[in-house]
Every structure is written in C-alpha cells, then in structure tokens.
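K.L.:
Next up is a structure, given as structure tokens.
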Number of protein chains: 2
Amino acid sequence: MKHSLLAAAIALPLACLAQKSAPENLVQYAHPLVGTAKMGHTYPGASVPFGAVQLSPDTDTISYEQNGKYNPDIYSYCAGYQYKDPTIVGFSHTHFSGTGHSDLGDFLVMPTTGPLQLNPGTADKPLGGYRSAYSHQTEVAEPAYYKVRLADNNILAELTATTRVGVHQYTFPKADESHIILDLMAGIYNYPGKNTWTFVRVENDSLVTGYRQTNGWGRTRVVYFALSFSKPFKTYGSRNYDQKQPYRGFWGRFDQNHNWPDLAGHQLRMHFDFGATQAGQQVKLKMALSPVSMAGALANLRAEAPGWNFADYKQKGQAQWQQELSKIAITSPKRVDKENFYTAMYHAFTGVTTYQDTDGQYRGLDQNNHLAKDFTNYTTFSLWDTYRALHPLYNLVQPKRNADMTQSMLMHFDQSAEHMLPVWSHYANENWCMIGYHSVPVVCDAIVLGNAPFDQNKALDACVTTARQRWYDGLGLYMDKGYVPEDKSGA
Amino acid sequence: MKHSLLAAAIALPLACLAQKSAPENLVQYAHPLVGTAKMGHTYPGASVPFGAVQLSPDTDTISYEQNGKYNPDIYSYCAGYQYKDPTIVGFSHTHFSGTGHSDLGDFLVMPTTGPLQLNPGTADKPLGGYRSAYSHQTEVAEPAYYKVRLADNNILAELTATTRVGVHQYTFPKADESHIILDLMAGIYNYPGKNTWTFVRVENDSLVTGYRQTNGWGRTRVVYFALSFSKPFKTYGSRNYDQKQPYRGFWGRFDQNHNWPDLAGHQLRMHFDFGATQAGQQVKLKMALSPVSMAGALANLRAEAPGWNFADYKQKGQAQWQQELSKIAITSPKRVDKENFYTAMYHAFTGVTTYQDTDGQYRGLDQNNHLAKDFTNYTTFSLWDTYRALHPLYNLVQPKRNADMTQSMLMHFDQSAEHMLPVWSHYANENWCMIGYHSVPVVCDAIVLGNAPFDQNKALDACVTTARQRWYDGLGLYMDKGYVPEDKSGA
C-alpha cells in the first residue's frame, strides 16, 4: 500500500504536465521578495533552480563584530537583503536562502557614475560612498530576474543567471565618468580577517579572474571567479586595505593602484572605468564561479554564457523555472493560493545548490579536487531543517537531483576526516551547525523509495558509522540511554 | 670555430666517463656543509640533484620582524642553518641554496622525548623547548644524507630524500615518552601573519596530509604535503596559536587539541606521540611535497617512496649524485681540488628545483594547475645570478634539464599577467627581486646551442616582449638612452 501511494505521488507531476497543450505561466506566481523582510532570510535576486550563483542585492554589509563584540544586527543580513533598508551596497554572487546563520556574499559588484568612490558609504549617507539609495517602486524581482533603479546615479541594474554564471546589465545615464566597482572585501557575516586571501588577475581589457578564500562558517572556503565585461574598460585600479605588515617583499616597487594586472592580499577593492557614457549606454558583465579554479570558472563562463544577449539568458532562466515549477500543478480560483504555493516551491528549489564545474570537477571536503562521476555534486545541506520535508519532496518531484544530493552526501562521508555524513555542510566545508545525524533519514528515504543509484551497503555503513560517533553532541548518551539529557546537550 | 669548441666541451664528460670501468666515488668529495658559515647561505641537509625537497636542519627560526622593525639577523638564516649555532630547532623540507633573500622552511619536524614541549625554546636555553643542542662532532653531511645526534634527548637523526620526498630516520634512546613535533608555524623569513592559511588532516594513525599557504617573498605560495609514519602514533594533538578572532563558527564545540583529525588556522603546531621507547627504537617518516594538492603529495609519496628502507633511499640518492657529478671528471693529485670542484658542482645542481608532481601537474604563475607536456617543470630561477655561468654550464652538462628549465620559463611567460619572462621566480611566484631581463640570454643561449626543443619564434616573442616592458625598472630609459642613469635606478 505504501508503495502504490508513493508511485501515485511521483507520477502526479507528469500527469499534470500532460494535461495542457499551452502550459500556464507559473513563473508569474513566484515572488522572490517574499521572506526578505525581518527574519525570513531569503534573497530577492536572480538564480536558476539549484543554481551555484545567487546574484542578489545586498542592502548592507555590516560586520559580525562591533567594538570587539558580536553585533546582533548581523542576523538580519543572513541573505544580504533587508526589505526595509533604503540603500543597496551592490550585487554579490552567492547567498543562502532561509538560513539561520550565514556566510557567502562573494564578489560584490556595483556600477557608479561620477568621481570614483571606493568606500561603500553608510545607509544614512549613501552619497558618501559607492552604495545607492533605491525605491521598491523601481524594483522587479522574478525567478531568474531582478531589476532596480539605483537612484543616486540613475543607473538601471538588471540581473539574471545561468547555473554557474551571474549576468549583469547596467544601463547608464549620460555621465562624465562611469565605473564598475568589484569589492572583494565585502561579504556576509564578515569580520576583520575573514578573507584569508584574495587574488585577482586582469587578463586583458575585458576579462578578470581571481578567487576569494575565507575563514567563516565554512572554515576553509574558496570561491574562484572569471568576470567578463561586454565593453573594454579604459582604465582600472585597486586599493589594498590590508593592515601594514612587517614583511613587504619586492612588489612595493610598482604602483599597484593603477592598471596593475596582478593583485593579491586580504582586503582588495577594484574599479573598472569606462569614461563618459551617453544616456542608455549599457555595460554587461558575466561572472562565472567555480569551486575548483580560475581556469574552471573561465571554462564555466564559456560553456554556459558564450554570448551577450541578456534577454536570452533571462528567458532561458525563466524557462528553467517554468519547467521545475510545472512539476506540481494546483488548481484554485484564488491567485494568492498559486502565489503562496509557487513562491514556496521556488524557495524549495533554491535551498540546495550545484557545486561542481561543467566538466564535473568539484572541491571535496578533504580540500582536494574530485571528479563527480555519473552524478552532479551538490552543496548547502542544512539537514536539520531539510530532512523532514524538503528531501522527501525532492524524492518525489526531483528524484534525479535527490539521488545526486544523496550521492554528494556519501562523497562527503568518504572525504570526512571525522567519518561522518554531513551535519550542515556548504562549499566543501562541514560547519557543524546543530545536532543529530539528519542525513541518515535522507539516505534511508532514498533507498526505501528505490531512488538510490549507489552502493547501498556502503551507504548503510556510512549511516551506521555516523550514528555511532559517540563524541558527537550527545550521541554516546543517546546510544547508552536512548535519549540525550537536556542538561548534557542543550541544542 | 665557436661551434667546434662548444662541441668539444659537451663531449668532454662522456669521454671522461668512458675512461674508467670502475668509476671513482665522487660523492665523497662533495661537502654540503661548505657555505653554511656566515653569509654562504647554503644548507647542509639532504637533497637529490634538482630535487623538490631539501630536508635540512634549521638552527634558528627567528622572525623577520623585531619590535616592529626589520631584524637584520634574519639575513644569516636564508638557508635556515648557521654553522656557529649551538642548537637545532628541527628539520624542515624546503630551502634555497645560496640566495641573498629568502622564504620556505616548510613543515619543520623534530623528534623529542620526555614531557611534551610545543614551544621551540631559545638557543641559549634549548631545554626550555623542543629544540636541541648538538655538536658538529656528531654531524655528517653528505650529498643526499645528513646525520646528527640531538644532544638534549640523545636522539640520532638521519635524513635522506628522493626528488619529492624527505625521508627521516630517528633512533630513540630508552625513554618514557617520545614525540614527533610538526611545526607549521616555523618558517624562514617568517613574520606574524606570514601563514595566510594552514590545513591538516590526520587520515589515520600513520598518515597526515595538509598544506601551508604563505605570503612572503613568494606572495601567494602554497605547499601541500603527505606525511607517513613507519609506526602508528598512539595519540596526537595540536595547538592553535592564532590570535583570538571575533568570529569563531561552530568548531569550538570540539576539543581540537587532542586527537582531533581536522585542523585549520594560521598558526598550528602538532605532536604525534609514540609512548615509551626502548634504546635503539626507530621511527621513520616520509614527507612528500606537492605544488598542486594533498592528493598530489600522496601520489608522489606512493610513486617515489613506497617502502621503509632508509639505507636504500640514501643509496639511491647518492647514486643520483654520483651520476650527476660524473658528468665532469677532473684529475688532480690534491684531494682538496676535487673537494672544491665537486662541492661547487654539488651546489650548482641544487640551485634550480623540480616543481611538478610525478604525473606532470604543477601550479602555474596564474595559480591554476597545469600539465607539463613533454618537459619537466622547474622553479627557483635566480636569473640575475645564474644567467652568466650556471645556465651555460647546464646547457653543457645538463642539456635536457636546461631545455626543460627554458621551457618552464616560457610557460611562466605564458602565465604572466605582466607578460614577462621570470626575473626571480619560485614556487609559482614572481618575486620581482633585482632588475633586467636575464632570462633572455638563457633562452637565447639555449637556441644558439641548438638545445631548444620548443617554438623558437614564440620564444623570440617572449624575449622581445619582456625586453620592451618600459615600466620595468629602467627598461624604458634603457630603450631611449641605451643606458639606465644611476639616479633613476640604483639597483
């Protein structure tokens, strides 16, 4: 009986798809802005289903630390955006959706006009920095598309994405000077010293590569990028905000602030200058990410985003959303029901993210590069949150992806120095947030449902080994007593 | 006439080799200790010709900085060892030979007995730390072999190497406790903050992997390791000497100091504990290095050093030296002439070092990994010092290697954001030490001698492009005036 029920549920989306010849546009019902107020911790920006890039505005980039202490305001910025905020600092490429702790916010980009400002400025005085005021009236947030007018400089910003590439389109007003800022210091849950290293190469007048390595929630996290401009920049430059260090080497003989193509440090900001613009002139950017290398990011860029047709990327991104949202059809006379349902479904498909290059290579938990054979490697496993409903849902409507996610978790186990399945993992890191072994029900569920194209005995071993790690947060007590006393583990 | 002269010179070593049926042992004449006093800046430890590993004692690991200022004593420690010093801090795996500035000193290992000491101690009070007094009377330094008795604990230390693996053999006295210290904070030309990141995994009870990433003379330098023990350690541990940081993540829930297999930070020291030892009991270590990854280091370990026969590694290392030193035979009634000659030749073959894994992969100047096709990739190019005599000598007696070095320089050019051949390069970094374009005569010399198995037109382009970089230290003036005025460039 259980089996036939499950079979019916899996068949449901296919049946619904088959019902109509001209399918209803479901993308219109999904609203990325839902959850961006207060503690919803969603981001309004552009991503494709399960995309590695979440290109989204950050309305503040405050520090985790204030006067040497935890800054409680930081919690508002888990996804970088707070609906009530009056300014946008810039658009960064990685965001968690709906988490209760944070990291990411890599590679913040901001277009500006007028004299160069490399300081982000403050929310109350946006004209004092590169950030800008904006109005929600100019803001459009759809799946795989985000638009806003940056009021300070009257620049129209539009964002879309492929799986691994963030695509920007900036429409400038008439201006004497225009710039694109690339802030490698910015980040979510930032603190002094979070950047363990950043590296940038200006390959030519329209291509930049580099990486950002951080010590945050992910202890040893690296993201590589390749950034392509639709228009050659005329000049460029950087500032290094590192603290003075005792050893300086021999790089000080060069002026590294102006048109110097080879940069490294802890705290870098860059600017790319395009001179005077006419009203309506556009600069487009494509930033590809990789977990493996700059060469990997460049290969991702070339594979996924060879051209410069912004509308085409947007259309393809929304077509992906249409396809994924179509997996469940609901009928209701009320539009709000569809909005609630498809917005929730939209968010359900942004929780777990792709974590490999187009050639299958990814960074493993052991910090070696690996090749994902016969599966797509995923990351962002908030298992304490997702084992009950999200993975069971994926098993029904995203069976291939859920099988690959399970496979990714088993690879995590193989690469784990602690010999554990993921607890809360992201970007080749176990961040050890929360308790228990909630990946075990995900693995078991996949096996029970027959959606487990991997060695099931090996998977069982991984589950049992994980569950028997006595040192992990009360597991020894649980094994001995059948429960964990509240005064021994309060989580 | 010039050509026939060169031909004679190249033929010389072969002719000399053919003279004898039982070749003279030339290894006996080469003395690695020569140059270790005052400012010779050589190291006495073990390496094979052009080896990637230079496993050698460091007699002090003082900081580049003292009270916020340059510490002039640092210059004595370019190669880690000063003959006059009374103590040895430990044995690290990478050393320059004969340079006038420095870096390296990666992965310092020290055996100890008695209560654990993780502090290196000071030269005047060696008993206060893990370092040890020693006497030159117990010291033997031969090509590919180094031996010393560590007086504080009466441990006999012996070192040898393959191209990519340092092999240690420690013979312990009877003791209640014995330890191997692995200090990832130690280094040459060290300063607070030099370690941008270090990472360690204890894979099992006798295998450890990791990496050290530094910002020194090489601005973005990473060395990966795999360390294998002949005997399982009973317990192990670490201390993290990082400054307290505002953000701590969720790792604080674990006791990372004791038997915790997954470590990362800026300032780590580790210890591996072997319990009580009997007199004469040995612990052997093999540490493989890689420029690419921990997996690469492990593959190098398995390829070059599968067994535990120390004498065999020593014999093979010395056989390599015999082969290389045999390339020129001299006759003299005076032993000292042979000692001078073969010691100089020994040092000549430690200047440039192998920089790729056994599978041909290496880290390029662009910080991507590359595959060396049809050549071996080399690093450590002190070209202002080596273009006049060392590379011309290599062209004669190491033609394959010199061709590969030239190829390596051309790859550096391809990977250079500044579009320059190397000035002074090491470990995938241009360190910009000194002036001019001294790789150009090396490339040209290889072509003129017909020892240039690469695209010669492309090589010419690289030379011309390098020579025309007007921004580089007086080159514009040189192009305009035919000379560089002393008051414009004093180097």
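FYI, nothing fancy with the structure tokens labels: chains A, B, ... in order, residues from 1 per chain, ligands from 1 as they appear.
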Once you count only C-alpha atoms, which residues of chain B turn out to be within 7 Å of chain A? Could you give them as a list in words?
P.N.:
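Using only C-alpha atoms, chain B residues at most 7 Å from chain A: Glu65, Gly68, Tyr191, Thr196, Trp197, Arg201, Glu203, Gly216, Trp217, Pro246, Tyr247, Gly249, Phe250, Trp251, Pro261, Asp262, Ser293, Met294, Ala295, Asn368, Ala417, Glu418, Asn431, Trp432 and Cys433 of chain B.
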K.L.:
Measure the distance from atom CA of Asp124 of chain A to atom CA of Gly98 of chain A in Å and round it to one decimal.
P.N.:
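Calculated distance between atom CA of Asp124 of chain A and atom CA of Gly98 of chain A is 26.9 Å.
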K.L.:
What does the structure give for the distance between atom CA of Ile180 of chain A and atom CA of His93 of chain A, in Å to one decimal?
P.N.:
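Here the two named atoms are 15.0 Å from each other.
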K.L.:
In segment 61-214 of chain B, what's strand (DSSP E) per DSSP? Answer as a PyMOL selection string?
P.N.:
chain B and resi 65-66+69-70+87-88+90-92+108-113+132-133+140-142+145-150+155-161+165-171+178-183+195-204+207-214
K.L.:
Set the distance at 7 Å and use only C-alpha atoms: which residues neighbour Leu325 of chain A once local chain neighbours fewer than 2 positions away are removed? I'd like the list as an MDAnalysis selection string.
P.N.:
chainID A and resid 26 321:323 327:328 342 345
K.L.:
If we count only C-alpha atoms and set the cut-off at 12 Å, which residues sit around Thr113 of chain A, ignoring sequence neighbours fewer than 4 positions away in its own chain? Please answer as a ChimeraX atom specification.
P.N.:
/A:117-118,127,129-132,150-156,170-181,271-279
K.L.:
Mind checking which residues fall within 6 Å of Thr87 of chain A, counting only C-alpha atoms, ignoring those fewer than 5 positions away in the same chain, and posting them as a PyMOL selection string?
P.N.:
chain A and resi 59+123+132-134
K.L.:
For the selection you just gave me, I'd like the residues written to a file as a short mmCIF file (atom, residue, chain, number, x, y, z; two decimals), in the first residue's frame, keeping N, CA, C and O atoms.
P.N.:
data_model
loop_
_atom_site.label_atom_id
_atom_site.label_comp_id
_atom_site.auth_asym_id
_atom_site.auth_seq_id
_atom_site.Cartn_x
_atom_site.Cartn_y
_atom_site.Cartn_z
N THR A 59 21.74 44.88 0.91
CA THR A 59 21.35 46.21 1.37
C THR A 59 22.21 46.71 2.52
O THR A 59 22.11 47.86 2.92
N ALA A 123 24.32 53.70 5.23
CA ALA A 123 22.92 53.72 4.79
C ALA A 123 22.31 55.11 4.92
O ALA A 123 21.49 55.51 4.10
N SER A 132 24.00 53.00 -3.15
CA SER A 132 22.99 53.90 -3.70
C SER A 132 21.65 53.71 -3.00
O SER A 132 21.30 52.59 -2.62
N ALA A 133 20.93 54.81 -2.87
CA ALA A 133 19.52 54.71 -2.49
C ALA A 133 18.73 54.06 -3.62
O ALA A 133 19.18 54.03 -4.77
N TYR A 134 17.58 53.48 -3.26
CA TYR A 134 16.71 52.90 -4.27
C TYR A 134 15.30 52.91 -3.72
O TYR A 134 15.10 53.08 -2.50
#
K.L.:
Would you list the contacts of segment 315-318 of chain B as an MDAnalysis selection string, taking every protein, DNA or RNA residue within 9 Å and counting only C-alpha atoms, but skipping same-chain residues closer than 4 positions in sequence?
P.N.:
chainID B and resid 27 46:49 142:145 160:163 310:311 322:323
K.L.:
Using the selection just defined, write its residues with N, CA, C and O atoms as a tab-separated table (two decimals), in the first residue's frame.
P.N.:
chain	number	residue	atom	x	y	z
B	27	VAL	N	81.01	11.28	-4.87
B	27	VAL	CA	80.14	11.79	-3.81
B	27	VAL	C	80.96	12.15	-2.57
B	27	VAL	O	80.65	13.11	-1.86
B	46	ALA	N	69.72	17.10	3.26
B	46	ALA	CA	69.65	16.08	2.21
B	46	ALA	C	68.77	16.52	1.05
B	46	ALA	O	67.63	16.92	1.24
B	47	SER	N	69.33	16.40	-0.16
B	47	SER	CA	68.51	16.56	-1.36
B	47	SER	C	69.16	15.79	-2.50
B	47	SER	O	70.36	15.53	-2.47
B	48	VAL	N	68.36	15.42	-3.47
B	48	VAL	CA	68.91	14.81	-4.68
B	48	VAL	C	69.10	15.92	-5.71
B	48	VAL	O	68.58	17.03	-5.54
B	49	PRO	N	69.81	15.66	-6.80
B	49	PRO	CA	70.04	16.73	-7.78
B	49	PRO	C	68.72	17.32	-8.28
B	49	PRO	O	67.83	16.58	-8.69
B	142	GLU	N	76.51	14.66	3.81
B	142	GLU	CA	76.94	14.17	2.50
B	142	GLU	C	75.82	14.51	1.51
B	142	GLU	O	74.69	14.75	1.91
B	143	PRO	N	76.12	14.47	0.23
B	143	PRO	CA	75.01	14.59	-0.71
B	143	PRO	C	73.94	13.55	-0.41
B	143	PRO	O	74.26	12.37	-0.22
B	144	ALA	N	72.72	13.98	-0.29
B	144	ALA	CA	71.57	13.11	-0.03
B	144	ALA	C	71.61	12.40	1.32
B	144	ALA	O	70.90	11.41	1.53
B	145	TYR	N	72.42	12.88	2.23
B	145	TYR	CA	72.45	12.26	3.56
B	145	TYR	C	72.92	13.27	4.60
B	145	TYR	O	73.92	13.96	4.41
B	160	THR	N	67.39	11.63	4.48
B	160	THR	CA	67.73	11.49	3.07
B	160	THR	C	66.51	11.94	2.27
B	160	THR	O	65.53	12.43	2.85
B	161	ALA	N	66.57	11.80	0.96
B	161	ALA	CA	65.46	12.32	0.15
B	161	ALA	C	65.39	11.65	-1.21
B	161	ALA	O	66.39	11.12	-1.71
B	162	THR	N	64.20	11.65	-1.76
B	162	THR	CA	64.02	11.42	-3.19
B	162	THR	C	63.72	12.79	-3.80
B	162	THR	O	63.81	13.81	-3.11
B	163	THR	N	63.32	12.84	-5.06
B	163	THR	CA	63.06	14.14	-5.66
B	163	THR	C	61.97	14.90	-4.90
B	163	THR	O	62.11	16.10	-4.62
B	310	PHE	N	65.48	2.90	4.79
B	310	PHE	CA	66.18	4.18	4.77
B	310	PHE	C	67.50	4.08	4.01
B	310	PHE	O	67.84	4.95	3.19
B	311	ALA	N	68.24	3.02	4.27
B	311	ALA	CA	69.55	2.85	3.63
B	311	ALA	C	69.40	2.81	2.11
B	311	ALA	O	70.26	3.32	1.37
B	322	GLN	N	76.24	10.62	-7.73
B	322	GLN	CA	77.40	10.06	-8.44
B	322	GLN	C	77.23	10.25	-9.94
B	322	GLN	O	78.14	10.70	-10.65
B	323	GLN	N	76.04	9.94	-10.41
B	323	GLN	CA	75.78	10.07	-11.85
B	323	GLN	C	75.94	11.52	-12.32
B	323	GLN	O	76.56	11.78	-13.36
